[in-house]
$ cat data.pdb   # PDB, N, CA and C atoms and all ligand atoms
ATOM      1  N   MET K   1      -4.468 -13.272  19.121  1.00  0.00           N
ATOM      2  CA  MET K   1      -3.544 -12.165  18.860  1.00  0.00           C
ATOM      3  C   MET K   1      -4.094 -11.293  17.735  1.00  0.00           C
ATOM      4  N   SER K   2      -3.883  -9.989  17.840  1.00  0.00           N
ATOM      5  CA  SER K   2      -4.378  -9.078  16.820  1.00  0.00           C
ATOM      6  C   SER K   2      -3.237  -8.254  16.240  1.00  0.00           C
ATOM      7  N   CYS K   3      -3.471  -7.747  15.047  1.00  0.00           N
ATOM      8  CA  CYS K   3      -2.478  -6.931  14.356  1.00  0.00           C
ATOM      9  C   CYS K   3      -2.106  -5.710  15.201  1.00  0.00           C
ATOM     10  N   PRO K   4      -0.808  -5.464  15.431  1.00  0.00           N
ATOM     11  CA  PRO K   4      -0.392  -4.317  16.239  1.00  0.00           C
ATOM     12  C   PRO K   4      -0.630  -2.982  15.541  1.00  0.00           C
ATOM     13  N   ILE K   5      -0.890  -3.030  14.245  1.00  0.00           N
ATOM     14  CA  ILE K   5      -1.107  -1.796  13.494  1.00  0.00           C
ATOM     15  C   ILE K   5      -2.573  -1.397  13.506  1.00  0.00           C
ATOM     16  N   CYS K   6      -3.454  -2.303  13.120  1.00  0.00           N
ATOM     17  CA  CYS K   6      -4.865  -1.962  12.975  1.00  0.00           C
ATOM     18  C   CYS K   6      -5.769  -2.814  13.855  1.00  0.00           C
ATOM     19  N   HIS K   7      -5.201  -3.787  14.571  1.00  0.00           N
ATOM     20  CA  HIS K   7      -5.927  -4.595  15.559  1.00  0.00           C
ATOM     21  C   HIS K   7      -6.950  -5.542  14.933  1.00  0.00           C
ATOM     22  N   LYS K   8      -6.801  -5.815  13.658  1.00  0.00           N
ATOM     23  CA  LYS K   8      -7.600  -6.875  13.053  1.00  0.00           C
ATOM     24  C   LYS K   8      -6.952  -8.222  13.391  1.00  0.00           C
ATOM     25  N   PRO K   9      -7.704  -9.323  13.205  1.00  0.00           N
ATOM     26  CA  PRO K   9      -7.133 -10.649  13.482  1.00  0.00           C
ATOM     27  C   PRO K   9      -5.893 -10.919  12.637  1.00  0.00           C
ATOM     28  N   THR K  10      -4.865 -11.464  13.278  1.00  0.00           N
ATOM     29  CA  THR K  10      -3.612 -11.749  12.586  1.00  0.00           C
ATOM     30  C   THR K  10      -3.783 -12.864  11.553  1.00  0.00           C
ATOM     31  N   GLN K  11      -3.133 -12.678  10.405  1.00  0.00           N
ATOM     32  CA  GLN K  11      -3.086 -13.735   9.394  1.00  0.00           C
ATOM     33  C   GLN K  11      -1.738 -14.439   9.483  1.00  0.00           C
ATOM     34  N   THR K  12      -1.762 -15.761   9.467  1.00  0.00           N
ATOM     35  CA  THR K  12      -0.530 -16.530   9.640  1.00  0.00           C
ATOM     36  C   THR K  12       0.542 -16.115   8.637  1.00  0.00           C
ATOM     37  N   THR K  13       0.125 -15.858   7.406  1.00  0.00           N
ATOM     38  CA  THR K  13       1.064 -15.505   6.346  1.00  0.00           C
ATOM     39  C   THR K  13       1.859 -14.249   6.682  1.00  0.00           C
ATOM     40  N   PHE K  14       1.182 -13.312   7.368  1.00  0.00           N
ATOM     41  CA  PHE K  14       1.801 -12.012   7.629  1.00  0.00           C
ATOM     42  C   PHE K  14       2.087 -11.800   9.112  1.00  0.00           C
ATOM     43  N   ARG K  15       2.017 -12.868   9.880  1.00  0.00           N
ATOM     44  CA  ARG K  15       2.213 -12.787  11.320  1.00  0.00           C
ATOM     45  C   ARG K  15       3.400 -11.904  11.700  1.00  0.00           C
ATOM     46  N   PRO K  16       3.332 -11.013  12.690  1.00  0.00           N
ATOM     47  CA  PRO K  16       2.171 -10.819  13.583  1.00  0.00           C
ATOM     48  C   PRO K  16       1.162  -9.811  13.042  1.00  0.00           C
ATOM     49  N   PHE K  17       1.202  -9.542  11.759  1.00  0.00           N
ATOM     50  CA  PHE K  17       0.304  -8.536  11.179  1.00  0.00           C
ATOM     51  C   PHE K  17      -0.876  -9.214  10.485  1.00  0.00           C
ATOM     52  N   CYS K  18      -1.814  -8.390   9.966  1.00  0.00           N
ATOM     53  CA  CYS K  18      -2.987  -8.929   9.300  1.00  0.00           C
ATOM     54  C   CYS K  18      -2.801  -8.915   7.792  1.00  0.00           C
ATOM     55  N   SER K  19      -1.813  -8.165   7.315  1.00  0.00           N
ATOM     56  CA  SER K  19      -1.648  -8.020   5.867  1.00  0.00           C
ATOM     57  C   SER K  19      -0.252  -7.491   5.553  1.00  0.00           C
ATOM     58  N   GLN K  20       0.121  -7.588   4.278  1.00  0.00           N
ATOM     59  CA  GLN K  20       1.409  -7.041   3.850  1.00  0.00           C
ATOM     60  C   GLN K  20       1.455  -5.539   4.084  1.00  0.00           C
ATOM     61  N   ARG K  21       0.302  -4.890   3.920  1.00  0.00           N
ATOM     62  CA  ARG K  21       0.236  -3.441   4.108  1.00  0.00           C
ATOM     63  C   ARG K  21       0.656  -3.069   5.536  1.00  0.00           C
ATOM     64  N   CYS K  22       0.095  -3.770   6.513  1.00  0.00           N
ATOM     65  CA  CYS K  22       0.420  -3.453   7.896  1.00  0.00           C
ATOM     66  C   CYS K  22       1.877  -3.806   8.207  1.00  0.00           C
ATOM     67  N   ALA K  23       2.381  -4.874   7.620  1.00  0.00           N
ATOM     68  CA  ALA K  23       3.789  -5.212   7.804  1.00  0.00           C
ATOM     69  C   ALA K  23       4.674  -4.092   7.260  1.00  0.00           C
ATOM     70  N   ASP K  24       4.308  -3.549   6.111  1.00  0.00           N
ATOM     71  CA  ASP K  24       5.053  -2.443   5.518  1.00  0.00           C
ATOM     72  C   ASP K  24       4.977  -1.206   6.400  1.00  0.00           C
ATOM     73  N   VAL K  25       3.800  -0.955   6.955  1.00  0.00           N
ATOM     74  CA  VAL K  25       3.632   0.193   7.841  1.00  0.00           C
ATOM     75  C   VAL K  25       4.554   0.076   9.043  1.00  0.00           C
ATOM     76  N   ASP K  26       4.596  -1.110   9.634  1.00  0.00           N
ATOM     77  CA  ASP K  26       5.438  -1.312  10.802  1.00  0.00           C
ATOM     78  C   ASP K  26       6.905  -1.172  10.437  1.00  0.00           C
ATOM     79  N   LEU K  27       7.289  -1.720   9.300  1.00  0.00           N
ATOM     80  CA  LEU K  27       8.673  -1.612   8.850  1.00  0.00           C
ATOM     81  C   LEU K  27       9.061  -0.150   8.645  1.00  0.00           C
ATOM     82  N   GLY K  28       8.178   0.585   7.988  1.00  0.00           N
ATOM     83  CA  GLY K  28       8.446   2.006   7.752  1.00  0.00           C
ATOM     84  C   GLY K  28       8.561   2.782   9.049  1.00  0.00           C
ATOM     85  N   ARG K  29       7.686   2.456   9.999  1.00  0.00           N
ATOM     86  CA  ARG K  29       7.730   3.129  11.295  1.00  0.00           C
ATOM     87  C   ARG K  29       9.041   2.841  11.996  1.00  0.00           C
ATOM     88  N   TRP K  30       9.442   1.591  12.003  1.00  0.00           N
ATOM     89  CA  TRP K  30      10.682   1.205  12.671  1.00  0.00           C
ATOM     90  C   TRP K  30      11.872   1.878  11.988  1.00  0.00           C
ATOM     91  N   PHE K  31      11.862   1.862  10.658  1.00  0.00           N
ATOM     92  CA  PHE K  31      12.979   2.405   9.892  1.00  0.00           C
ATOM     93  C   PHE K  31      13.151   3.895  10.162  1.00  0.00           C
ATOM     94  N   LYS K  32      12.046   4.628  10.119  1.00  0.00           N
ATOM     95  CA  LYS K  32      12.115   6.066  10.393  1.00  0.00           C
ATOM     96  C   LYS K  32      12.517   6.318  11.840  1.00  0.00           C
ATOM     97  N   GLY K  33      12.020   5.493  12.745  1.00  0.00           N
ATOM     98  CA  GLY K  33      12.334   5.651  14.160  1.00  0.00           C
ATOM     99  C   GLY K  33      13.817   5.477  14.445  1.00  0.00           C
ATOM    100  N   ALA K  34      14.506   4.798  13.534  1.00  0.00           N
ATOM    101  CA  ALA K  34      15.929   4.552  13.721  1.00  0.00           C
ATOM    102  C   ALA K  34      16.728   5.845  13.684  1.00  0.00           C
ATOM    103  N   TYR K  35      16.219   6.850  13.002  1.00  0.00           N
ATOM    104  CA  TYR K  35      16.936   8.121  12.976  1.00  0.00           C
ATOM    105  C   TYR K  35      16.072   9.334  13.277  1.00  0.00           C
ATOM    106  N   ARG K  36      14.778   9.122  13.509  1.00  0.00           N
ATOM    107  CA  ARG K  36      13.928  10.227  13.937  1.00  0.00           C
ATOM    108  C   ARG K  36      12.799   9.684  14.811  1.00  0.00           C
ATOM    109  N   THR K  37      12.807  10.059  16.056  1.00  0.00           N
ATOM    110  CA  THR K  37      11.801   9.548  16.979  1.00  0.00           C
ATOM    111  C   THR K  37      10.541  10.397  16.921  1.00  0.00           C
ATOM    112  N   PRO K  38       9.447   9.795  16.500  1.00  0.00           N
ATOM    113  CA  PRO K  38       8.181  10.542  16.498  1.00  0.00           C
ATOM    114  C   PRO K  38       7.680  10.731  17.917  1.00  0.00           C
ATOM    115  N   SER K  39       7.354  11.944  18.282  1.00  0.00           N
ATOM    116  CA  SER K  39       6.934  12.206  19.659  1.00  0.00           C
ATOM    117  C   SER K  39       5.670  13.037  19.711  1.00  0.00           C
ATOM    118  N   PHE K  40       5.021  13.202  18.578  1.00  0.00           N
ATOM    119  CA  PHE K  40       3.884  14.116  18.533  1.00  0.00           C
ATOM    120  C   PHE K  40       2.605  13.468  18.027  1.00  0.00           C
ATOM    121  N   ARG K  41       2.615  12.188  17.714  1.00  0.00           N
ATOM    122  CA  ARG K  41       1.409  11.572  17.158  1.00  0.00           C
ATOM    123  C   ARG K  41       1.076  10.236  17.841  1.00  0.00           C
ATOM    124  N   GLN K  42       1.577  10.030  19.044  1.00  0.00           N
ATOM    125  CA  GLN K  42       1.385   8.745  19.705  1.00  0.00           C
ATOM    126  C   GLN K  42      -0.059   8.521  20.136  1.00  0.00           C
ATOM    127  N   ASP K  43      -0.831   9.565  20.249  1.00  0.00           N
ATOM    128  CA  ASP K  43      -2.212   9.424  20.692  1.00  0.00           C
ATOM    129  C   ASP K  43      -3.185   9.270  19.532  1.00  0.00           C
ATOM    130  N   ASN K  44      -2.660   9.261  18.317  1.00  0.00           N
ATOM    131  CA  ASN K  44      -3.539   9.144  17.157  1.00  0.00           C
ATOM    132  C   ASN K  44      -4.229   7.787  17.097  1.00  0.00           C
ATOM    133  N   ASP K  45      -5.349   7.742  16.443  1.00  0.00           N
ATOM    134  CA  ASP K  45      -6.039   6.490  16.191  1.00  0.00           C
ATOM    135  C   ASP K  45      -5.164   5.595  15.315  1.00  0.00           C
ATOM    136  N   PRO K  46      -5.082   4.309  15.634  1.00  0.00           N
ATOM    137  CA  PRO K  46      -4.213   3.401  14.859  1.00  0.00           C
ATOM    138  C   PRO K  46      -4.481   3.438  13.362  1.00  0.00           C
ATOM    139  N   ALA K  47      -5.727   3.540  12.973  1.00  0.00           N
ATOM    140  CA  ALA K  47      -6.055   3.591  11.547  1.00  0.00           C
ATOM    141  C   ALA K  47      -5.486   4.858  10.909  1.00  0.00           C
ATOM    142  N   ASP K  48      -5.623   5.967  11.616  1.00  0.00           N
ATOM    143  CA  ASP K  48      -5.069   7.208  11.095  1.00  0.00           C
ATOM    144  C   ASP K  48      -3.552   7.146  11.026  1.00  0.00           C
ATOM    145  N   LEU K  49      -2.965   6.546  12.027  1.00  0.00           N
ATOM    146  CA  LEU K  49      -1.514   6.427  12.057  1.00  0.00           C
ATOM    147  C   LEU K  49      -1.026   5.590  10.885  1.00  0.00           C
ATOM    148  N   ALA K  50      -1.685   4.466  10.650  1.00  0.00           N
ATOM    149  CA  ALA K  50      -1.311   3.609   9.531  1.00  0.00           C
ATOM    150  C   ALA K  50      -1.426   4.371   8.209  1.00  0.00           C
ATOM    151  N   GLU K  51      -2.491   5.116   8.089  1.00  0.00           N
ATOM    152  CA  GLU K  51      -2.704   5.894   6.875  1.00  0.00           C
ATOM    153  C   GLU K  51      -1.578   6.912   6.697  1.00  0.00           C
ATOM    154  N   ALA K  52      -1.248   7.613   7.755  1.00  0.00           N
ATOM    155  CA  ALA K  52      -0.212   8.637   7.687  1.00  0.00           C
ATOM    156  C   ALA K  52       1.154   8.021   7.385  1.00  0.00           C
ATOM    157  N   GLU K  53       1.446   6.915   8.029  1.00  0.00           N
ATOM    158  CA  GLU K  53       2.728   6.264   7.795  1.00  0.00           C
ATOM    159  C   GLU K  53       2.828   5.776   6.352  1.00  0.00           C
ATOM    160  N   GLY K  54       1.750   5.229   5.817  1.00  0.00           N
ATOM    161  CA  GLY K  54       1.764   4.759   4.440  1.00  0.00           C
ATOM    162  C   GLY K  54       2.082   5.874   3.471  1.00  0.00           C
ATOM    163  N   LYS K  55       1.471   7.025   3.685  1.00  0.00           N
ATOM    164  CA  LYS K  55       1.731   8.161   2.811  1.00  0.00           C
ATOM    165  C   LYS K  55       3.160   8.653   2.970  1.00  0.00           C
ATOM    166  N   ALA K  56       3.657   8.635   4.190  1.00  0.00           N
ATOM    167  CA  ALA K  56       5.029   9.083   4.430  1.00  0.00           C
ATOM    168  C   ALA K  56       6.024   8.188   3.709  1.00  0.00           C
ATOM    169  N   ILE K  57       5.761   6.881   3.740  1.00  0.00           N
ATOM    170  CA  ILE K  57       6.649   5.943   3.054  1.00  0.00           C
ATOM    171  C   ILE K  57       6.623   6.220   1.548  1.00  0.00           C
ATOM    172  N   LEU K  58       5.444   6.405   1.006  1.00  0.00           N
ATOM    173  CA  LEU K  58       5.310   6.666  -0.417  1.00  0.00           C
ATOM    174  C   LEU K  58       6.044   7.931  -0.822  1.00  0.00           C
ATOM    175  N   SER K  59       5.959   8.967  -0.009  1.00  0.00           N
ATOM    176  CA  SER K  59       6.522  10.254  -0.395  1.00  0.00           C
ATOM    177  C   SER K  59       8.029  10.316  -0.176  1.00  0.00           C
ATOM    178  N   SER K  60       8.558   9.490   0.711  1.00  0.00           N
ATOM    179  CA  SER K  60       9.968   9.618   1.049  1.00  0.00           C
ATOM    180  C   SER K  60      10.831   8.484   0.504  1.00  0.00           C
ATOM    181  N   HIS K  61      10.213   7.446  -0.023  1.00  0.00           N
ATOM    182  CA  HIS K  61      11.002   6.314  -0.490  1.00  0.00           C
ATOM    183  C   HIS K  61      10.608   5.875  -1.909  1.00  0.00           C
ATOM    184  N   ASP K  62      10.069   6.782  -2.684  1.00  0.00           N
ATOM    185  CA  ASP K  62       9.628   6.414  -4.020  1.00  0.00           C
ATOM    186  C   ASP K  62       8.670   5.216  -3.974  1.00  0.00           C
ATOM    187  N   THR K  63       8.837   4.278  -4.898  1.00  0.00           N
ATOM    188  CA  THR K  63       7.956   3.106  -4.923  1.00  0.00           C
ATOM    189  C   THR K  63       8.785   1.823  -4.913  1.00  0.00           C
ATOM    190  N   SER K  64       9.948   1.880  -4.291  1.00  0.00           N
ATOM    191  CA  SER K  64      10.885   0.773  -4.371  1.00  0.00           C
ATOM    192  C   SER K  64      10.293  -0.522  -3.867  1.00  0.00           C
ATOM    193  N   HIS K  65       9.547  -0.495  -2.748  1.00  0.00           N
ATOM    194  CA  HIS K  65       8.993  -1.729  -2.228  1.00  0.00           C
ATOM    195  C   HIS K  65       7.595  -1.531  -1.641  1.00  0.00           C
ATOM    196  N   GLN K  66       6.899  -0.542  -2.146  1.00  0.00           N
ATOM    197  CA  GLN K  66       5.567  -0.260  -1.630  1.00  0.00           C
ATOM    198  C   GLN K  66       4.513  -0.859  -2.548  1.00  0.00           C
ATOM    199  N   GLN K  67       3.641  -1.662  -1.974  1.00  0.00           N
ATOM    200  CA  GLN K  67       2.533  -2.204  -2.757  1.00  0.00           C
ATOM    201  C   GLN K  67       1.475  -1.122  -2.980  1.00  0.00           C
ATOM    202  N   PRO K  68       0.857  -1.063  -4.154  1.00  0.00           N
ATOM    203  CA  PRO K  68      -0.166  -0.046  -4.425  1.00  0.00           C
ATOM    204  C   PRO K  68      -1.436  -0.326  -3.637  1.00  0.00           C
TER     205      PRO K  68
HETATM  206 ZN    ZN U 101      -3.313  -4.791  10.288  1.00  0.00          ZN
END
$ encode --input "data.pdb" --output "structure tokens" --more "lines below"
Ligand SMILES: [Zn+2]
Amino acid sequence: MSCPICHKPTQTTFRPFCSQRCADVDLGRWFKGAYRTPSFRQDNDPADLAEAEGKAILSSHDTSHQQP
């Protein structure tokens, strides 16, 4: 099984993700999707998507639970 965010090998600690970062990315994506459905970036490269989502979380949610 591979990380659904960046497709690296899954780490048991962060299953089904490879790291806390990817878990945060997925959480942020799900959370935003709850009230705004993204429909314009589905074809992006997963790495770019993760990068964009990380920045979006930082800019819209302060630093409440974001690891540096
Ligand atoms: Zn990952």
$ residues_near_ligand --input "data.pdb" --ligand "ligand ZN 101 (chain U)" --cutoff "6.5 Å" --atoms "only N, CA and C atoms and all ligand atoms" --output "number ranges by chain"
K: 3-8, 17-19, 21-23
$ atom_distance --input "data.pdb" --atom1 "atom C of Met1 of chain K" --atom2 "atom CA of Phe14 of chain K"
11.7 Å
$ atom_distance --input "data.pdb" --atom1 "atom CA of Lys32 of chain K" --atom2 "atom CA of Gln20 of chain K"
18.1 Å
$ atom_distance --input "data.pdb" --atom1 "atom CA of Thr10 of chain K" --atom2 "atom CA of Leu27 of chain K"
16.4 Å
